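*Asks:* You'll find data.pdb just under this line, and it carries PDB, C-alpha atoms.
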ATOM      1  CA  MET D   1       1.239  -7.871  27.761
ATOM      2  CA  TYR D   2       3.281  -7.138  24.617
ATOM      3  CA  ALA D   3       0.339  -6.603  22.243
ATOM      4  CA  PRO D   4       0.354  -2.780  22.584
ATOM      5  CA  LEU D   5       3.802  -2.802  20.950
ATOM      6  CA  HIS D   6       2.458  -4.171  17.660
ATOM      7  CA  ASP D   7       2.115  -0.644  16.203
ATOM      8  CA  ILE D   8       5.187   0.921  17.851
ATOM      9  CA  GLY D   9       6.544   1.694  14.384
ATOM     10  CA  LYS D  10       3.797   4.270  13.883
ATOM     11  CA  ALA D  11       6.019   6.540  15.970
ATOM     12  CA  GLY D  12       8.073   6.898  12.776
ATOM     13  CA  ILE D  13       5.140   7.777  10.519
ATOM     14  CA  PRO D  14       4.300  11.464   9.965
ATOM     15  CA  HIS D  15       1.479  12.591  12.247
ATOM     16  CA  ASP D  16      -0.329  14.363   9.404
ATOM     17  CA  ILE D  17      -0.729  11.025   7.612
ATOM     18  CA  LEU D  18      -1.853   9.099  10.708
ATOM     19  CA  SER D  19      -4.357  11.799  11.626
ATOM     20  CA  LYS D  20      -5.617  12.534   8.110
ATOM     21  CA  PRO D  21      -9.409  12.911   8.190
ATOM     22  CA  GLY D  22      -9.995  11.428   4.726
ATOM     23  CA  SER D  23      -8.886   8.391   2.766
ATOM     24  CA  LEU D  24      -5.174   7.837   2.294
ATOM     25  CA  THR D  25      -3.624   8.048  -1.154
ATOM     26  CA  GLY D  26      -1.707   5.021  -2.428
ATOM     27  CA  GLU D  27       1.559   6.744  -1.546
ATOM     28  CA  GLU D  28       0.352   7.596   1.968
ATOM     29  CA  PHE D  29      -0.786   4.016   2.543
ATOM     30  CA  SER D  30       2.656   2.782   1.433
ATOM     31  CA  ILE D  31       4.186   5.099   4.018
ATOM     32  CA  VAL D  32       1.834   3.811   6.751
ATOM     33  CA  LYS D  33       2.714   0.205   5.877
ATOM     34  CA  ARG D  34       6.345   1.044   6.692
ATOM     35  CA  HIS D  35       5.380   1.132  10.383
ATOM     36  CA  VAL D  36       6.016  -2.612  10.431
ATOM     37  CA  GLU D  37       9.634  -2.229   9.270
ATOM     38  CA  ILE D  38      10.184   0.761  11.550
ATOM     39  CA  GLY D  39       8.802  -1.167  14.525
ATOM     40  CA  ILE D  40      11.088  -4.128  13.841
ATOM     41  CA  LYS D  41      14.133  -1.828  13.632
ATOM     42  CA  LEU D  42      13.172  -0.036  16.851
ATOM     43  CA  GLN D  43      12.708  -3.254  18.789
ATOM     44  CA  LYS D  44      15.808  -4.984  17.406
ATOM     45  CA  SER D  45      17.867  -2.000  18.532
ATOM     46  CA  ILE D  46      16.975  -2.809  22.150
ATOM     47  CA  ASP D  47      17.262  -6.601  21.868
ATOM     48  CA  VAL D  48      13.605  -7.276  22.642
ATOM     49  CA  ASP D  49      11.925 -10.651  23.079
ATOM     50  CA  PRO D  50      11.395 -12.399  19.686
ATOM     51  CA  PHE D  51       7.717 -12.742  20.638
ATOM     52  CA  VAL D  52       7.374  -8.952  20.271
ATOM     53  CA  LEU D  53       9.056  -9.049  16.875
ATOM     54  CA  ASP D  54       6.474 -11.618  15.733
ATOM     55  CA  LEU D  55       3.614  -9.353  16.838
ATOM     56  CA  ILE D  56       5.075  -6.428  14.931
ATOM     57  CA  LEU D  57       6.067  -8.307  11.780
ATOM     58  CA  TYR D  58       2.961 -10.432  11.314
ATOM     59  CA  HIS D  59      -0.018  -8.483  12.693
ATOM     60  CA  HIS D  60      -1.083  -7.320   9.210
ATOM     61  CA  GLU D  61      -0.872 -10.777   7.678
ATOM     62  CA  ARG D  62      -4.135 -12.399   6.681
ATOM     63  CA  TRP D  63      -5.111 -16.013   7.048
ATOM     64  CA  ASP D  64      -5.554 -16.281   3.260
ATOM     65  CA  GLY D  65      -2.121 -14.744   2.505
ATOM     66  CA  THR D  66      -3.327 -11.365   1.220
ATOM     67  CA  GLY D  67      -1.794  -9.302   4.026
ATOM     68  CA  TYR D  68       1.552  -7.560   4.269
ATOM     69  CA  LEU D  69       4.669  -7.413   4.956
ATOM     70  CA  ALA D  70       5.983 -10.968   5.283
ATOM     71  CA  GLU D  71       3.372 -12.373   2.849
ATOM     72  CA  VAL D  72       2.662 -15.533   4.816
ATOM     73  CA  SER D  73      -0.627 -17.297   5.403
ATOM     74  CA  GLY D  74      -2.417 -19.726   7.684
ATOM     75  CA  GLU D  75      -0.267 -21.585  10.169
ATOM     76  CA  GLY D  76       2.760 -19.616   8.916
ATOM     77  CA  ILE D  77       1.490 -16.672  10.942
ATOM     78  CA  PRO D  78       2.408 -16.981  14.628
ATOM     79  CA  MET D  79      -0.644 -17.499  16.844
ATOM     80  CA  SER D  80       0.193 -14.374  18.847
ATOM     81  CA  ALA D  81      -0.010 -12.278  15.677
ATOM     82  CA  ARG D  82      -3.266 -13.965  14.581
ATOM     83  CA  ILE D  83      -4.861 -12.952  17.880
ATOM     84  CA  THR D  84      -3.362  -9.458  17.720
ATOM     85  CA  ALA D  85      -4.655  -9.005  14.158
ATOM     86  CA  LEU D  86      -8.219  -9.608  15.299
ATOM     87  CA  ALA D  87      -7.795  -7.316  18.317
ATOM     88  CA  ASP D  88      -6.275  -4.622  16.086
ATOM     89  CA  VAL D  89      -9.233  -4.654  13.687
ATOM     90  CA  LEU D  90     -11.723  -4.816  16.568
ATOM     91  CA  ASP D  91     -10.110  -1.747  18.130
ATOM     92  CA  ALA D  92      -9.885   0.128  14.818
ATOM     93  CA  LEU D  93     -13.584  -0.353  14.097
ATOM     94  CA  LEU D  94     -14.891   0.275  17.626
ATOM     95  CA  CYS D  95     -12.915   3.476  18.179
ATOM     96  CA  LYS D  96     -13.406   6.873  16.605
ATOM     97  CA  ARG D  97     -10.540   7.813  14.331
ATOM     98  CA  PRO D  98      -9.814  11.067  12.469
ATOM     99  CA  TYR D  99     -11.099   9.443   9.278
ATOM    100  CA  LYS D 100     -14.176   7.601  10.642
ATOM    101  CA  ASP D 101     -16.689   7.387  13.461
ATOM    102  CA  ALA D 102     -16.787   4.497  15.902
ATOM    103  CA  LEU D 103     -19.076   1.660  14.847
ATOM    104  CA  PRO D 104     -21.536  -0.156  17.125
ATOM    105  CA  PHE D 105     -20.301  -3.442  18.564
ATOM    106  CA  ASN D 106     -22.856  -5.643  16.761
ATOM    107  CA  GLU D 107     -21.901  -4.167  13.388
ATOM    108  CA  VAL D 108     -18.205  -4.659  14.141
ATOM    109  CA  ALA D 109     -18.694  -8.239  15.347
ATOM    110  CA  THR D 110     -20.736  -9.137  12.254
ATOM    111  CA  HIS D 111     -18.045  -7.658   9.996
ATOM    112  CA  ILE D 112     -15.232  -9.474  11.793
ATOM    113  CA  GLU D 113     -17.070 -12.800  11.873
ATOM    114  CA  ALA D 114     -17.613 -12.566   8.099
ATOM    115  CA  GLU D 115     -13.818 -12.449   7.693
ATOM    116  CA  ALA D 116     -13.189 -15.878   9.266
ATOM    117  CA  GLY D 117     -11.050 -17.973   6.942
ATOM    118  CA  THR D 118      -9.980 -14.996   4.850
ATOM    119  CA  HIS D 119      -8.655 -12.236   7.089
ATOM    120  CA  PHE D 120      -8.728 -14.176  10.359
ATOM    121  CA  ASP D 121      -7.803 -17.644  11.578
ATOM    122  CA  PRO D 122     -11.052 -19.635  11.923
ATOM    123  CA  ALA D 123      -9.920 -20.964  15.331
ATOM    124  CA  VAL D 124      -9.262 -17.442  16.626
ATOM    125  CA  MET D 125     -12.657 -16.423  15.282
ATOM    126  CA  GLU D 126     -14.335 -19.293  17.139
ATOM    127  CA  ALA D 127     -12.670 -18.109  20.356
ATOM    128  CA  PHE D 128     -13.926 -14.578  19.674
ATOM    129  CA  LYS D 129     -17.451 -15.821  18.997
ATOM    130  CA  SER D 130     -17.465 -17.892  22.178
ATOM    131  CA  GLU D 131     -16.631 -14.740  24.171
ATOM    132  CA  ARG D 132     -18.597 -12.267  22.053
ATOM    133  CA  GLU D 133     -20.786 -11.200  24.973
ATOM    134  CA  THR D 134     -17.701 -10.519  27.097
ATOM    135  CA  PHE D 135     -16.127  -8.399  24.349
ATOM    136  CA  GLU D 136     -19.392  -6.504  23.976
ATOM    137  CA  ARG D 137     -19.521  -5.806  27.720
ATOM    138  CA  ILE D 138     -15.927  -4.567  27.692
ATOM    139  CA  SER D 139     -16.529  -2.310  24.679
ATOM    140  CA  SER D 140     -19.680  -0.834  26.228
ATOM    141  CA  GLY D 141     -18.001  -0.244  29.581
ATOM    142  CA  THR D 142     -20.442  -2.522  31.409
ATOM    143  CA  ALA D 143     -17.737  -4.901  32.585
ATOM    144  CA  PRO D 144     -15.478  -2.718  34.734
ATOM    145  CA  GLU D 145     -14.009  -5.769  36.449
ATOM    146  CA  LEU D 146     -12.842  -7.083  33.061
ATOM    147  CA  CYS D 147     -11.626  -3.694  31.877
ATOM    148  CA  TRP D 148      -9.447  -3.481  34.972
ATOM    149  CA  GLN D 149      -8.006  -6.949  34.283
ATOM    150  CA  PHE D 150      -7.327  -5.986  30.672
ATOM    151  CA  LYS D 151      -5.686  -2.683  31.585
ATOM    152  CA  SER D 152      -3.396  -4.435  34.039
ATOM    153  CA  TYR D 153      -1.843  -6.290  31.100
ATOM    154  CA  VAL D 154      -1.465  -3.244  28.878
TER     155      VAL D 154
END
In structure tokens, write the structure found in this file.

*Replies:*
Amino acid sequence: MYAPLHDIGKAGIPHDILSKPGSLTGEEFSIVKRHVEIGIKLQKSIDVDPFVLDLILYHHERWDGTGYLAEVSGEGIPMSARITALADVLDALLCKRPYKDALPFNEVATHIEAEAGTHFDPAVMEAFKSERETFERISSGTAPELCWQFKSYV
């Protein structure tokens, strides 16, 4: 239900950077990374559920500790953020963006599964793999009953 708020801080990032058709410069990427801090400030200003703050703060952390902003790893990352991190990457790769075309589901799934234990929690990855067919049906639009259930939470 709260997962869509994980990137709320992007509202404070210049549109020309978010919609840039090419690769970001180092400076531009530093600006984009600020969306985490901006999101935390926005949500704290309205006294939101701490669960939402966890999603915002930790969704770019990696299982192996190479993520950003809090620089935590493994079990130090709240489970909600570990799940959101996988969903965020899945969405980013499956959807067309100004800087890249959408990728086919099988290519995305193979890429994500290769990141188990580094980018993603191995347990979250096992859950993804056990429901891979369901995710594929949702992404292809062949599971309207599941899409409706998903949209009701968003």

*Asks:* Can you spell out as a list of chain:residue names the set of residues that the PyMOL selection byres ((chain D and resi 38) around 9) selects in the structure I just provided?

*Replies:*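 Output from the PyMOL selection byres ((chain D and resi 38) around 9), applied to this file: D:Ile8, D:Gly9, D:Lys10, D:Ala11, D:Gly12, D:Ile13, D:Arg34, D:His35, D:Val36, D:Glu37, D:Gly39, D:Ile40, D:Lys41, D:Leu42, D:Gln43.
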
*Asks:* What gap, in Å, lies between CA of Thr118 (chain D) and CA of Ala3 (chain D)?

*Replies:* 21.9 Å

*Asks:* Might you spell out which residues the PyMOL selection byres ((chain D and resi 77) around 12) would select in the displayed file, as a ChimeraX atom specification?

*Replies:* /D:54-65,67-76,78-85,119-121

*Asks:* In Å, with one decimal, what is the gap from CA of Leu93 (chain D) to CA of Ala109 (chain D)?

*Replies:*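 Going from CA of Leu93 (chain D) over to CA of Ala109 (chain D) covers 9.5 Å.
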
*Asks:* In Å, rounded to a single decimal, give me how far CA of Ser130 (chain D) is from CA of Lys100 (chain D).

*Replies:* 28.2 Å

*Asks:* Do you know which residues the PyMOL selection byres ((chain D and resi 110-116) around 9) returns on this file, as a list of chain:residue names?

*Replies:*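 That selection, the PyMOL selection byres ((chain D and resi 110-116) around 9), comes back as D:Trp63, D:Leu86, D:Val89, D:Leu90, D:Phe105, D:Asn106, D:Glu107, D:Val108, D:Ala109, D:Gly117, D:Thr118, D:His119, D:Phe120, D:Asp121, D:Pro122, D:Ala123, D:Val124, D:Met125, D:Glu126, D:Phe128, D:Lys129.
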
*Asks:* Nearest to Tyr99 (chain D) among D:Ala127, D:Leu5, D:Gly22, D:Pro14, with distances taken over only C-alpha atoms: which residue is it?

*Replies:*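 Of the candidates, the smallest distance to Tyr99 (chain D) is held by D:Gly22.
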
*Asks:* Using all atoms listed in the file, which of the listed residues (D:His6, D:Ala92, D:Ile31, D:Thr134) sits closest to Phe51 (chain D)?

*Replies:* D:His6

*Asks:* Might I get the box with edges along x, y and z of the file that holds all atoms of region 110-126 of chain D listed there, padded by 8 Å on every side, given as centre and edge lengths in Å to one decimal, as JSON?

*Replies:*
{"center_x": -14.3, "center_y": -14.3, "center_z": 11.0, "size_x": 28.9, "size_y": 29.3, "size_z": 28.3}

*Asks:* When distances are computed from all atoms listed in the file, which of D:Ile138, D:Leu53, D:Leu94, D:Leu103 shows the smallest separation from Tyr2 (chain D)?

*Replies:* D:Leu53

*Asks:* Between D:Ile46, D:Ala87, D:Pro4, D:Thr66, single out the one closest to Phe135 (chain D), counting all atoms listed in the file.

*Replies:*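 For Phe135 (chain D), the nearest of the candidates is D:Ala87.
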
*Asks:* Let me make sure I understand: among D:Pro21, D:Pro50, D:Pro104, D:Gly26, which one has the smallest atom-to-atom distance to Asp91 (chain D) if we use all atoms listed in the file?

*Replies:*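 The closest residue to Asp91 (chain D) is D:Pro104.
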